[in-house]
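Source file: run05.txt (compact mmCIF, C-alpha atoms and all ligand atoms)
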# COMPACT_ATOMS: atom_id res chain seq x y z
CA MET U 932 -69.67 -119.05 8.53
CA ASN U 933 -72.12 -121.76 7.34
CA VAL U 934 -75.43 -122.14 9.15
CA LEU U 935 -77.77 -125.10 8.76
CA VAL U 936 -81.40 -124.08 9.28
CA VAL U 937 -83.71 -126.89 10.36
CA ASN U 938 -87.50 -126.81 10.58
CA CYS U 939 -89.05 -130.04 11.88
CA GLY U 940 -92.76 -130.83 11.67
CA SER U 941 -94.35 -134.03 12.94
CA SER U 942 -93.53 -135.95 9.74
CA SER U 943 -91.40 -133.44 7.87
CA LEU U 944 -88.01 -131.76 7.99
CA LYS U 945 -87.14 -128.72 5.88
CA TYR U 946 -83.58 -127.44 5.69
CA GLN U 947 -81.33 -124.80 4.19
CA LEU U 948 -77.57 -124.53 4.38
CA LEU U 949 -76.52 -120.88 4.13
CA ASP U 950 -73.13 -119.28 3.66
CA MET U 951 -73.47 -116.22 5.89
CA THR U 952 -70.56 -114.35 4.33
CA ASN U 953 -73.00 -113.35 1.58
CA GLU U 954 -76.24 -114.96 2.87
CA SER U 955 -76.32 -117.30 -0.12
CA VAL U 956 -78.17 -120.62 -0.05
CA LEU U 957 -75.73 -123.50 -0.67
CA ALA U 958 -78.42 -126.20 -0.55
CA LYS U 959 -82.00 -126.62 0.53
CA GLY U 960 -84.64 -129.28 0.58
CA GLN U 961 -87.05 -131.32 2.61
CA PHE U 962 -88.11 -134.69 3.89
CA GLU U 963 -91.81 -135.54 3.80
CA LYS U 964 -93.65 -138.52 5.31
CA ILE U 965 -90.92 -139.25 7.87
CA GLY U 966 -91.86 -142.49 9.65
CA ALA U 967 -93.15 -144.08 6.44
CA LYS U 968 -91.57 -146.62 4.09
CA ASP U 969 -92.07 -144.24 1.20
CA ALA U 970 -90.72 -141.04 2.72
CA ILE U 971 -89.76 -138.42 0.12
CA PHE U 972 -86.41 -136.65 0.20
CA THR U 973 -85.79 -133.64 -2.04
CA HIS U 974 -82.40 -131.89 -2.21
CA LYS U 975 -81.68 -128.81 -4.32
CA ARG U 976 -78.54 -126.86 -5.10
CA PRO U 977 -78.29 -123.67 -7.15
CA ASN U 978 -77.78 -124.37 -10.86
CA ALA U 979 -77.96 -128.15 -10.48
CA ASP U 980 -80.59 -130.82 -11.03
CA LYS U 981 -82.61 -131.55 -7.94
CA VAL U 982 -82.24 -134.92 -6.23
CA GLU U 983 -85.48 -136.69 -5.36
CA ARG U 984 -85.56 -140.04 -3.57
CA VAL U 985 -88.29 -142.19 -2.07
CA GLU U 986 -87.02 -144.38 0.74
CA SER U 987 -87.86 -145.67 4.19
CA ILE U 988 -86.97 -143.06 6.82
CA LEU U 989 -87.85 -144.06 10.36
CA ASN U 990 -87.40 -140.82 12.27
CA HIS U 991 -85.91 -137.31 12.28
CA LYS U 992 -82.49 -138.61 13.35
CA GLU U 993 -82.34 -140.88 10.32
CA ALA U 994 -83.44 -137.98 8.08
CA LEU U 995 -80.66 -135.79 9.50
CA THR U 996 -78.07 -138.52 8.95
CA ILE U 997 -79.17 -138.78 5.31
CA LEU U 998 -79.04 -135.00 5.00
CA LEU U 999 -75.54 -134.69 6.44
CA ASN U 1000 -74.31 -137.49 4.18
CA ILE U 1001 -75.64 -135.80 1.06
CA LEU U 1002 -74.25 -132.40 2.10
CA VAL U 1003 -70.72 -133.90 2.01
CA ASP U 1004 -71.37 -136.29 -0.89
CA ASP U 1005 -68.87 -136.19 -3.78
CA GLN U 1006 -71.59 -135.91 -6.41
CA TYR U 1007 -74.45 -134.03 -4.72
CA GLY U 1008 -72.71 -132.35 -1.81
CA VAL U 1009 -71.87 -128.68 -1.28
CA ILE U 1010 -69.27 -128.90 1.52
CA LYS U 1011 -66.22 -131.11 2.01
CA SER U 1012 -66.83 -132.19 5.57
CA MET U 1013 -69.33 -131.78 8.38
CA ASP U 1014 -66.82 -129.48 10.11
CA GLU U 1015 -67.93 -126.83 7.63
CA ILE U 1016 -71.29 -126.59 9.40
CA ASP U 1017 -70.55 -123.99 12.06
CA ALA U 1018 -73.94 -123.72 13.73
CA VAL U 1019 -77.50 -124.99 13.47
CA GLY U 1020 -80.60 -122.80 13.78
CA HIS U 1021 -83.89 -124.49 14.67
CA ARG U 1022 -87.36 -123.15 14.15
CA VAL U 1023 -89.31 -123.69 17.36
CA VAL U 1024 -93.03 -122.91 17.35
CA HIS U 1025 -93.71 -122.03 20.98
CA GLY U 1026 -91.42 -120.16 23.37
CA ALA U 1027 -94.23 -119.00 25.69
CA GLU U 1028 -93.18 -116.06 27.91
CA LYS U 1029 -89.81 -117.63 28.58
CA PHE U 1030 -88.29 -116.57 25.25
CA ALA U 1031 -88.66 -113.09 23.81
CA ASP U 1032 -85.58 -113.65 21.62
CA SER U 1033 -83.70 -116.49 19.98
CA VAL U 1034 -81.43 -118.43 22.33
CA LEU U 1035 -78.38 -120.70 22.40
CA ILE U 1036 -79.60 -124.20 23.26
CA THR U 1037 -78.28 -125.45 26.61
CA PRO U 1038 -79.58 -128.20 28.92
CA ALA U 1039 -81.56 -125.54 30.83
CA VAL U 1040 -83.10 -124.28 27.55
CA MET U 1041 -84.06 -127.86 26.61
CA GLU U 1042 -85.84 -128.17 29.92
CA ALA U 1043 -87.72 -124.93 29.25
CA LEU U 1044 -88.64 -126.11 25.72
CA ASN U 1045 -90.12 -129.28 27.16
CA GLU U 1046 -92.08 -127.10 29.58
CA CYS U 1047 -93.38 -125.00 26.64
CA ALA U 1048 -94.44 -128.21 24.87
CA LYS U 1049 -97.19 -128.59 27.45
CA ILE U 1050 -99.04 -125.68 25.84
CA ALA U 1051 -97.99 -126.59 22.28
CA PRO U 1052 -98.42 -130.38 22.23
CA LEU U 1053 -98.94 -130.48 18.44
CA HIS U 1054 -96.03 -128.28 17.47
CA ASN U 1055 -93.14 -128.28 19.93
CA PRO U 1056 -92.43 -132.04 20.26
CA PRO U 1057 -91.26 -132.43 16.62
CA ASN U 1058 -89.06 -129.31 17.01
CA ILE U 1059 -87.52 -130.85 20.14
CA GLN U 1060 -86.96 -134.16 18.33
CA GLY U 1061 -85.09 -132.29 15.61
CA ILE U 1062 -82.85 -130.55 18.14
CA GLU U 1063 -82.11 -133.80 19.96
CA ALA U 1064 -81.28 -135.53 16.69
CA CYS U 1065 -78.85 -132.73 15.74
CA GLN U 1066 -77.26 -132.81 19.18
CA ALA U 1067 -76.74 -136.55 18.86
CA ILE U 1068 -75.19 -136.33 15.40
CA MET U 1069 -73.28 -133.04 15.79
CA PRO U 1070 -72.54 -132.78 19.52
CA LYS U 1071 -69.89 -130.08 19.15
CA VAL U 1072 -71.85 -127.74 16.87
CA PRO U 1073 -73.70 -124.90 18.68
CA GLN U 1074 -77.46 -124.90 18.17
CA VAL U 1075 -79.88 -122.00 18.40
CA ALA U 1076 -83.67 -121.98 18.87
CA VAL U 1077 -85.67 -119.30 17.02
CA PHE U 1078 -89.28 -118.98 18.16
CA ASP U 1079 -92.46 -118.23 16.20
CA THR U 1080 -93.84 -116.54 19.30
CA ALA U 1081 -90.84 -114.34 20.23
CA PHE U 1082 -91.66 -111.34 18.01
CA HIS U 1083 -95.09 -111.03 19.63
CA GLN U 1084 -93.76 -110.79 23.17
CA THR U 1085 -93.97 -106.99 22.85
CA MET U 1086 -97.81 -107.05 22.84
CA PRO U 1087 -99.32 -105.08 25.71
CA LYS U 1088 -101.41 -106.85 28.32
CA GLU U 1089 -104.71 -105.46 27.07
CA ALA U 1090 -103.99 -107.10 23.72
CA PHE U 1091 -102.71 -110.46 24.93
CA LEU U 1092 -104.96 -111.22 27.90
CA TYR U 1093 -108.22 -113.13 27.61
CA ALA U 1094 -111.03 -112.02 29.93
CA LEU U 1095 -110.92 -115.22 31.95
CA PRO U 1096 -110.15 -115.22 35.68
CA TYR U 1097 -106.67 -113.67 35.95
CA GLU U 1098 -105.33 -116.90 37.48
CA ALA U 1099 -105.80 -118.67 34.13
CA TYR U 1100 -102.97 -116.40 32.98
CA SER U 1101 -100.88 -116.13 36.14
CA GLU U 1102 -101.04 -119.83 37.05
CA LEU U 1103 -101.46 -121.57 33.68
CA GLY U 1104 -100.03 -119.11 31.17
CA VAL U 1105 -103.31 -118.89 29.24
CA ARG U 1106 -102.93 -115.80 27.02
CA ARG U 1107 -102.53 -114.77 23.39
CA TYR U 1108 -99.01 -115.68 22.20
CA GLY U 1109 -99.28 -115.25 18.44
CA PHE U 1110 -97.33 -117.21 15.81
CA HIS U 1111 -95.57 -116.71 12.44
CA GLY U 1112 -93.49 -114.09 14.31
CA THR U 1113 -90.32 -114.70 12.31
CA SER U 1114 -92.24 -114.15 9.06
CA HIS U 1115 -94.05 -111.01 10.27
CA LYS U 1116 -90.74 -109.55 11.45
CA TYR U 1117 -88.98 -110.33 8.16
CA VAL U 1118 -91.62 -108.77 5.93
CA ALA U 1119 -91.93 -105.71 8.19
CA GLN U 1120 -88.16 -105.16 7.96
CA ARG U 1121 -88.20 -105.58 4.18
CA CYS U 1122 -91.20 -103.26 3.93
CA ALA U 1123 -89.33 -100.53 5.83
CA GLU U 1124 -86.29 -101.05 3.56
CA LEU U 1125 -88.44 -100.81 0.42
CA MET U 1126 -90.03 -97.61 1.74
CA GLY U 1127 -86.59 -96.20 2.64
CA LYS U 1128 -87.72 -95.64 6.22
CA HIS U 1129 -86.98 -96.97 9.71
CA MET U 1130 -89.40 -99.51 11.17
CA SER U 1131 -89.58 -97.27 14.24
CA ASP U 1132 -91.37 -94.63 12.13
CA LEU U 1133 -93.91 -96.97 10.56
CA ARG U 1134 -97.27 -98.61 11.26
CA ILE U 1135 -97.41 -101.85 9.27
CA ILE U 1136 -100.10 -104.49 8.98
CA SER U 1137 -98.57 -107.76 7.80
CA CYS U 1138 -100.85 -110.46 6.42
CA HIS U 1139 -99.22 -113.92 6.47
CA LEU U 1140 -101.77 -115.89 4.46
CA GLY U 1141 -100.92 -119.56 3.93
CA ASN U 1142 -102.47 -122.80 5.07
CA GLY U 1143 -102.24 -121.26 8.51
CA SER U 1144 -102.88 -117.51 8.40
CA SER U 1145 -102.34 -114.59 10.74
CA VAL U 1146 -102.37 -110.80 10.58
CA THR U 1147 -100.14 -108.64 12.81
CA ALA U 1148 -100.21 -104.96 13.78
CA ILE U 1149 -96.60 -103.72 13.89
CA LYS U 1150 -96.15 -100.23 15.34
CA GLY U 1151 -92.67 -98.74 15.54
CA GLY U 1152 -91.16 -102.14 14.70
CA ARG U 1153 -92.96 -103.93 17.55
CA SER U 1154 -95.83 -106.40 17.32
CA ILE U 1155 -98.70 -104.84 19.29
CA ASP U 1156 -101.46 -107.27 18.32
CA THR U 1157 -101.87 -110.41 16.24
CA SER U 1158 -104.77 -112.58 15.20
CA MET U 1159 -103.53 -116.00 16.37
CA GLY U 1160 -103.84 -116.62 20.07
CA PHE U 1161 -103.04 -119.18 22.75
CA THR U 1162 -102.70 -121.64 19.87
CA PRO U 1163 -102.53 -121.24 16.06
CA LEU U 1164 -106.21 -122.23 15.87
CA SER U 1165 -107.65 -118.78 16.46
CA GLY U 1166 -108.11 -115.67 14.35
CA LEU U 1167 -108.74 -115.86 10.60
CA VAL U 1168 -110.61 -118.47 8.61
CA MET U 1169 -107.77 -120.81 7.52
CA GLY U 1170 -107.24 -123.78 5.20
CA THR U 1171 -108.64 -126.35 7.62
CA ARG U 1172 -108.77 -124.40 10.92
CA CYS U 1173 -111.88 -122.59 12.05
CA GLY U 1174 -110.28 -119.43 13.45
CA ASP U 1175 -112.32 -117.44 15.98
CA ILE U 1176 -115.58 -119.04 17.02
CA ASP U 1177 -117.78 -118.59 20.07
CA PRO U 1178 -116.25 -120.95 22.68
CA ALA U 1179 -119.75 -122.05 23.72
CA ILE U 1180 -120.01 -123.86 20.38
CA VAL U 1181 -117.56 -126.52 21.60
CA PRO U 1182 -119.74 -128.09 24.34
CA TYR U 1183 -122.81 -127.60 22.09
CA LEU U 1184 -121.24 -129.73 19.33
CA MET U 1185 -120.04 -132.32 21.86
CA ASN U 1186 -123.58 -132.62 23.11
CA LYS U 1187 -125.52 -132.47 19.82
CA TRP U 1188 -123.18 -134.59 17.71
CA ASP U 1189 -122.16 -136.86 20.60
CA MET U 1190 -118.48 -136.08 20.18
CA THR U 1191 -115.54 -136.19 22.58
CA TYR U 1192 -113.45 -133.07 23.11
CA SER U 1193 -110.63 -134.53 21.07
CA GLU U 1194 -113.03 -135.18 18.17
CA VAL U 1195 -114.20 -131.55 18.25
CA ASP U 1196 -110.56 -130.45 18.52
CA SER U 1197 -109.74 -132.42 15.40
CA LEU U 1198 -112.85 -131.03 13.64
CA MET U 1199 -111.78 -127.45 14.44
CA ASN U 1200 -108.15 -128.03 13.35
CA LYS U 1201 -108.50 -130.35 10.37
CA LYS U 1202 -112.02 -130.23 8.95
CA SER U 1203 -113.01 -126.58 9.28
CA GLY U 1204 -111.86 -123.35 7.62
CA VAL U 1205 -112.33 -122.99 3.86
CA LEU U 1206 -112.30 -126.78 3.54
CA GLY U 1207 -115.19 -127.13 5.99
CA ILE U 1208 -117.24 -124.37 4.39
CA SER U 1209 -116.65 -125.37 0.77
CA GLY U 1210 -116.55 -129.14 1.20
CA VAL U 1211 -114.13 -128.95 -1.75
CA SER U 1212 -110.54 -128.26 -0.66
CA ASN U 1213 -108.24 -126.27 1.58
CA ASP U 1214 -106.17 -125.29 -1.45
CA PHE U 1215 -107.10 -121.80 -2.63
CA ARG U 1216 -106.23 -122.61 -6.25
CA VAL U 1217 -108.73 -125.46 -6.25
CA LEU U 1218 -111.32 -123.26 -4.54
CA GLU U 1219 -110.91 -120.51 -7.13
CA ASP U 1220 -111.36 -122.99 -9.97
CA ALA U 1221 -114.44 -124.49 -8.30
CA ALA U 1222 -115.91 -121.03 -7.68
CA LYS U 1223 -115.35 -120.11 -11.35
CA GLU U 1224 -117.26 -123.23 -12.33
CA GLY U 1225 -120.17 -122.05 -10.23
CA ASN U 1226 -119.61 -123.85 -6.92
CA LYS U 1227 -121.37 -121.49 -4.51
CA ARG U 1228 -119.88 -122.90 -1.33
CA ALA U 1229 -116.37 -122.57 -2.72
CA GLN U 1230 -117.16 -118.90 -3.46
CA LEU U 1231 -118.64 -118.49 0.02
CA ALA U 1232 -115.48 -119.93 1.63
CA LEU U 1233 -113.35 -117.44 -0.33
CA ASP U 1234 -115.69 -114.56 0.56
CA MET U 1235 -115.51 -115.48 4.26
CA PHE U 1236 -111.71 -115.65 4.14
CA HIS U 1237 -111.40 -112.24 2.45
CA TYR U 1238 -113.99 -110.66 4.77
CA LYS U 1239 -112.20 -111.84 7.90
CA VAL U 1240 -108.81 -110.57 6.73
CA ARG U 1241 -110.35 -107.18 5.84
CA ARG U 1242 -112.09 -107.03 9.22
CA VAL U 1243 -108.85 -107.66 11.11
CA ILE U 1244 -107.01 -105.07 8.98
CA GLY U 1245 -109.71 -102.55 9.95
CA ALA U 1246 -109.32 -103.44 13.63
CA TYR U 1247 -105.56 -102.99 13.48
CA VAL U 1248 -105.85 -99.62 11.74
CA ALA U 1249 -107.97 -98.61 14.73
CA VAL U 1250 -105.54 -99.89 17.39
CA MET U 1251 -102.54 -98.26 15.69
CA GLY U 1252 -104.32 -94.98 14.98
CA GLY U 1253 -103.70 -95.41 11.23
CA VAL U 1254 -101.50 -97.44 8.92
CA ASP U 1255 -98.63 -96.69 6.55
CA ALA U 1256 -98.30 -100.04 4.77
CA ILE U 1257 -100.12 -103.34 4.33
CA VAL U 1258 -97.97 -106.34 3.40
CA PHE U 1259 -99.04 -109.66 1.89
CA THR U 1260 -96.90 -112.77 2.31
CA ALA U 1261 -96.93 -116.64 2.41
CA GLY U 1262 -98.58 -118.97 -0.12
CA ILE U 1263 -101.82 -117.05 -0.66
CA GLY U 1264 -100.41 -113.61 0.16
CA GLU U 1265 -97.56 -114.03 -2.34
CA ASN U 1266 -99.44 -115.82 -5.10
CA GLY U 1267 -103.15 -115.10 -4.73
CA ILE U 1268 -103.70 -112.28 -7.20
CA GLY U 1269 -107.49 -112.49 -6.90
CA ASN U 1270 -107.27 -112.94 -3.13
CA ARG U 1271 -105.26 -109.74 -2.66
CA ASP U 1272 -107.67 -107.92 -4.94
CA ALA U 1273 -110.72 -109.13 -2.99
CA ILE U 1274 -109.18 -108.29 0.40
CA CYS U 1275 -108.21 -104.77 -0.65
CA ASN U 1276 -111.57 -104.12 -2.27
CA GLY U 1277 -113.17 -101.76 0.25
CA LEU U 1278 -109.99 -100.45 1.86
CA GLU U 1279 -109.99 -97.30 -0.30
CA TYR U 1280 -111.27 -95.25 2.66
CA LEU U 1281 -107.78 -95.69 4.15
CA GLY U 1282 -106.25 -93.79 1.27
CA THR U 1283 -105.05 -96.80 -0.61
CA ARG U 1284 -105.85 -98.53 -3.83
CA LEU U 1285 -104.47 -101.72 -5.30
CA ASP U 1286 -103.01 -101.25 -8.80
CA LYS U 1287 -104.53 -104.16 -10.71
CA GLU U 1288 -101.66 -104.33 -13.17
CA LEU U 1289 -98.90 -104.18 -10.56
CA ASN U 1290 -100.83 -106.73 -8.53
CA ASN U 1291 -100.60 -109.23 -11.38
CA ILE U 1292 -97.61 -111.07 -9.89
CA ARG U 1293 -96.87 -114.27 -8.05
CA GLY U 1294 -94.00 -114.69 -5.62
CA GLU U 1295 -92.27 -111.41 -6.46
CA GLU U 1296 -91.33 -108.58 -4.15
CA ARG U 1297 -93.06 -105.39 -5.21
CA GLU U 1298 -95.23 -102.43 -4.20
CA VAL U 1299 -98.68 -103.06 -5.68
CA SER U 1300 -100.58 -99.93 -4.67
CA VAL U 1301 -101.48 -97.13 -7.07
CA GLU U 1302 -98.72 -94.54 -7.33
CA GLY U 1303 -99.11 -91.84 -4.73
CA SER U 1304 -101.26 -93.94 -2.40
CA LYS U 1305 -101.12 -92.61 1.15
CA VAL U 1306 -101.09 -96.19 2.42
CA LYS U 1307 -98.77 -98.51 0.49
CA ILE U 1308 -99.53 -102.14 -0.31
CA PHE U 1309 -96.66 -104.60 -0.80
CA VAL U 1310 -96.20 -108.21 -1.81
CA ILE U 1311 -93.11 -109.53 -0.01
CA PRO U 1312 -92.18 -113.22 -0.23
CA THR U 1313 -91.36 -114.34 3.28
CA ASN U 1314 -87.96 -115.74 4.24
CA GLU U 1315 -88.02 -117.26 7.70
CA GLU U 1316 -84.83 -119.21 6.98
CA ILE U 1317 -82.71 -116.10 6.54
CA MET U 1318 -84.03 -114.70 9.83
CA ILE U 1319 -83.21 -117.98 11.62
CA ALA U 1320 -79.74 -118.02 10.06
CA ARG U 1321 -79.08 -114.37 11.00
CA ASP U 1322 -80.12 -114.95 14.61
CA THR U 1323 -78.00 -118.12 14.72
CA GLN U 1324 -75.01 -116.18 13.45
CA ARG U 1325 -75.63 -113.33 15.92
CA ILE U 1326 -75.90 -115.69 18.88
CA THR U 1327 -73.10 -118.13 18.01
CA GLY U 1328 -70.75 -115.65 16.32
CA ASP U 1329 -68.40 -115.44 19.31
CA LEU U 1330 -68.34 -119.21 19.74
CA VAL U 1331 -67.62 -119.87 16.08
CA LYS U 1332 -65.44 -116.84 15.09
CA LYS U 1333 -65.38 -117.28 11.32
P1 LIG X 1401 -98.09 -123.29 5.02
O1 LIG X 1401 -96.62 -122.92 5.07
O2 LIG X 1401 -98.92 -122.66 6.09
O3 LIG X 1401 -98.36 -124.75 4.83
P2 LIG X 1401 -98.06 -121.83 2.51
O4 LIG X 1401 -97.57 -120.51 2.94
O5 LIG X 1401 -97.14 -122.70 1.72
O6 LIG X 1401 -98.70 -122.64 3.71
O7 LIG X 1401 -99.39 -121.59 1.65
C1 LIG X 1401 -100.14 -122.63 1.15
C2 LIG X 1401 -101.37 -122.06 0.50
O8 LIG X 1401 -100.99 -121.17 -0.56
C3 LIG X 1401 -102.28 -123.11 -0.12
O9 LIG X 1401 -103.59 -122.98 0.38
C4 LIG X 1401 -102.29 -122.77 -1.58
O10 LIG X 1401 -103.56 -122.91 -2.11
C5 LIG X 1401 -101.94 -121.29 -1.60
N1 LIG X 1401 -101.40 -120.94 -2.91
C6 LIG X 1401 -100.27 -121.36 -3.47
N2 LIG X 1401 -100.18 -120.86 -4.73
C7 LIG X 1401 -101.29 -120.13 -4.94
C8 LIG X 1401 -101.81 -119.38 -6.05
N3 LIG X 1401 -101.14 -119.32 -7.20
N4 LIG X 1401 -103.00 -118.76 -5.90
C9 LIG X 1401 -103.68 -118.83 -4.74
N5 LIG X 1401 -103.27 -119.53 -3.68
C10 LIG X 1401 -102.09 -120.17 -3.78

Would you mind writing the structure in this file as structure tokens?
Ligand code: ADP
Amino acid sequence: MNVLVVNCGSSSLKYQLLDMTNESVLAKGQFEKIGAKDAIFTHKRPNADKVERVESILNHKEALTILLNILVDDQYGVIKSMDEIDAVGHRVVHGAEKFADSVLITPAVMEALNECAKIAPLHNPPNIQGIEACQAIMPKVPQVAVFDTAFHQTMPKEAFLYALPYEAYSELGVRRYGFHGTSHKYVAQRCAELMGKHMSDLRIISCHLGNGSSVTAIKGGRSIDTSMGFTPLSGLVMGTRCGDIDPAIVPYLMNKWDMTYSEVDSLMNKKSGVLGISGVSNDFRVLEDAAKEGNKRAQLALDMFHYKVRRVIGAYVAVMGGVDAIVFTAGIGENGIGNRDAICNGLEYLGTRLDKELNNIRGEEREVSVEGSKVKIFVIPTNEEIMIARDTQRITGDLVKK
């Protein structure tokens, strides 16, 4: 069975075509700057030169048409005909309380997704566009939605409610939802496998540290708390997002800097985080270089990021009554040797110590704690695509029967 995994952002589309008989990647790639005259299309196959093209791509539907054409192309393709795509799995950011698991997309599900878009106006609309484009081009192929929020639906009420009037939750759905769920679930499963244990016997803290970052407390295989909230804006200090701030700051800034709410919203999402503090960049590699050259605000931004991650780890040790493993994943978690070192510096009281030599890796899966540590530390490259493909296979298996 071949599954096409599609992840649509507002101006991007990432894809992977997987052969689920052995979970191998047949092709993968991405479209960037969709909507522009100079959109960039990159297509990769194992053991072959990558294809890179710059061309005008108006919308997601056009991108998908280009993708399907190249997948069956004589020279660059990997399948003979579109009939070899048995199902499509879509990453969808927000499933609210409606979806605690992945789901086969039906007209009723589309209606519910549009409903969820009201609380995720930045993220869900491009996901929906991607689904509609696939439905238009491949009307007979079953499609599955896999939600970033679903894994966190196991959080207890005391963890997910905000102390606003209860009606904000019961009438408007204002609560902590959490994101990056597919990634947290994947690395927790891999962590249990690497430890030779069942997830149900473990307390894991997974740190997904990328441009957007979140930390999750996973007890007995279930997410019981996570640092992102009603939206992906809250929690840690991020690349350009502010993370947790006192909500009273918002009207104060509107008043003092004569800003509209949408200007403050944009400031909190796009101009804050390590970029806002450093004034240099949201890219941690650039920040590290600047800090080495003596830029104090770049160093401060890094210190704030590490401090916040360590603080949330400490909180989650408390709510789980201990921890068995801490996992680092995503761009910074997988590659940031110095970042992992700084975050773990001070966690020795837990019975763990980072092994500086083992930690000297980028993008590899490995335990990086000192041998015999009571609490293990792992680097585990995330793989959301494989999770989406597995769920798509599980849900469409009976329809497809291959
Ligand atoms: P997202 O998917 O949220 O856009 P990623 O998971 O791709 O983000 O992570 C992007 C971040 O990873 C960037 O801030 C980048 O600086 C950081 N990163 C990538 N490589 C390294 C590295 N070698 N050292 C430190 N940070 C890195």

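Ranking U:Thr1260, U:Ser943, U:Asn1266, U:Gln1324 by their shortest atom-to-atom distance to ligand LIG 1401 (chain X), with all atoms listed in the file included, puts U:Asn1266 first.
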
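Straight-line separation from atom CA of Lys1305 of chain U to atom CA of Asn1270 of chain U: 21.7 Å.
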
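Between atom CA of Asp1329 of chain U and atom CA of Lys1011 of chain U lies a distance of 23.4 Å.
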
Contacts of chain U with ligand LIG 1401 (chain X) up to 6 Å, shortest pair per row, all atoms listed in the file, as a Markdown table:
| residue | atom | partner | partner_atom | distance |
| --- | --- | --- | --- | --- |
| U:Gly1141 | CA | X:LIG1401 | O7 | 3.4 |
| U:Asn1142 | CA | X:LIG1401 | O2 | 3.7 |
| U:Gly1143 | CA | X:LIG1401 | O2 | 4.3 |
| U:Asn1213 | CA | X:LIG1401 | O9 | 5.8 |
| U:Asp1214 | CA | X:LIG1401 | O10 | 3.6 |
| U:Phe1215 | CA | X:LIG1401 | O10 | 3.7 |
| U:Arg1216 | CA | X:LIG1401 | C9 | 4.8 |
| U:Ala1261 | CA | X:LIG1401 | O4 | 4.0 |
| U:Gly1262 | CA | X:LIG1401 | O7 | 3.3 |
| U:Ile1263 | CA | X:LIG1401 | N5 | 4.2 |
| U:Asn1266 | CA | X:LIG1401 | C8 | 4.4 |
| U:Gly1267 | CA | X:LIG1401 | C9 | 3.8 |

Item to complete: Work out how far atom CA of Gly1264 of chain U is from atom CA of Ile1292 of chain U, in Å to one decimal.
Response: 10.7 Å

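Shortest separation to Gly1277 of chain U among U:Ile1244, U:Val982, U:Cys1122, U:Met1251 occurs at residue U:Ile1244, atoms counted being all atoms listed in the file.
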
Worksheet item: Residues at most 9 Å from Val1072 of chain U, counting only C-alpha atoms, excluding those fewer than 6 positions away in the same chain, as a ChimeraX atom specification?
Response: /U:1014,1016-1019,1065-1066,1331

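Proximity to Arg1241 of chain U was assessed for U:Lys964, U:Arg1228, U:Lys1128, U:Arg1271 counting all atoms listed in the file; the smallest distance is recorded for U:Arg1271.
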
Item to complete: Write out as an MDAnalysis selection string each polymer residue whose atoms come within 8 Å of Gly940 of chain U, counting only C-alpha atoms; drop sequence neighbours fewer than 2 positions from it.
Response: chainID U and resid 938 942:944 1054 1057:1058

Practice prompt. Identify, on the basis of all atoms listed in the file, every residue whose closest approach to Asn1290 of chain U does not exceed 10 Å; exclude the query and any residue fewer than 4 positions from it along the same chain; express the result as JSON, numbers by chain.
Written response: {"U": [1266, 1267, 1268, 1269, 1271, 1272, 1285, 1286, 1295, 1297, 1298, 1299, 1300, 1301, 1308, 1309, 1310]}

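Closest approach to Val1077 of chain U among U:Ile1036, U:Ala1273, U:Ala1099, U:Met1159 is made by U:Ile1036 (distances from all atoms listed in the file).
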
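The nearest approach to Met1041 of chain U among the residues U:Ala1148, U:Leu995, U:Ile1059, U:Met1190, with only C-alpha atoms taken into account, belongs to U:Ile1059.
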
Item to complete: Could you pull out every residue with an atom within 8 Å of (-81.4, -122.4, 15.8), file coordinates, counting all atoms listed in the file, and send them as a ChimeraX atom specification?
Response: /U:936-937,1018-1022,1033-1036,1074-1077,1319-1320,1322-1323
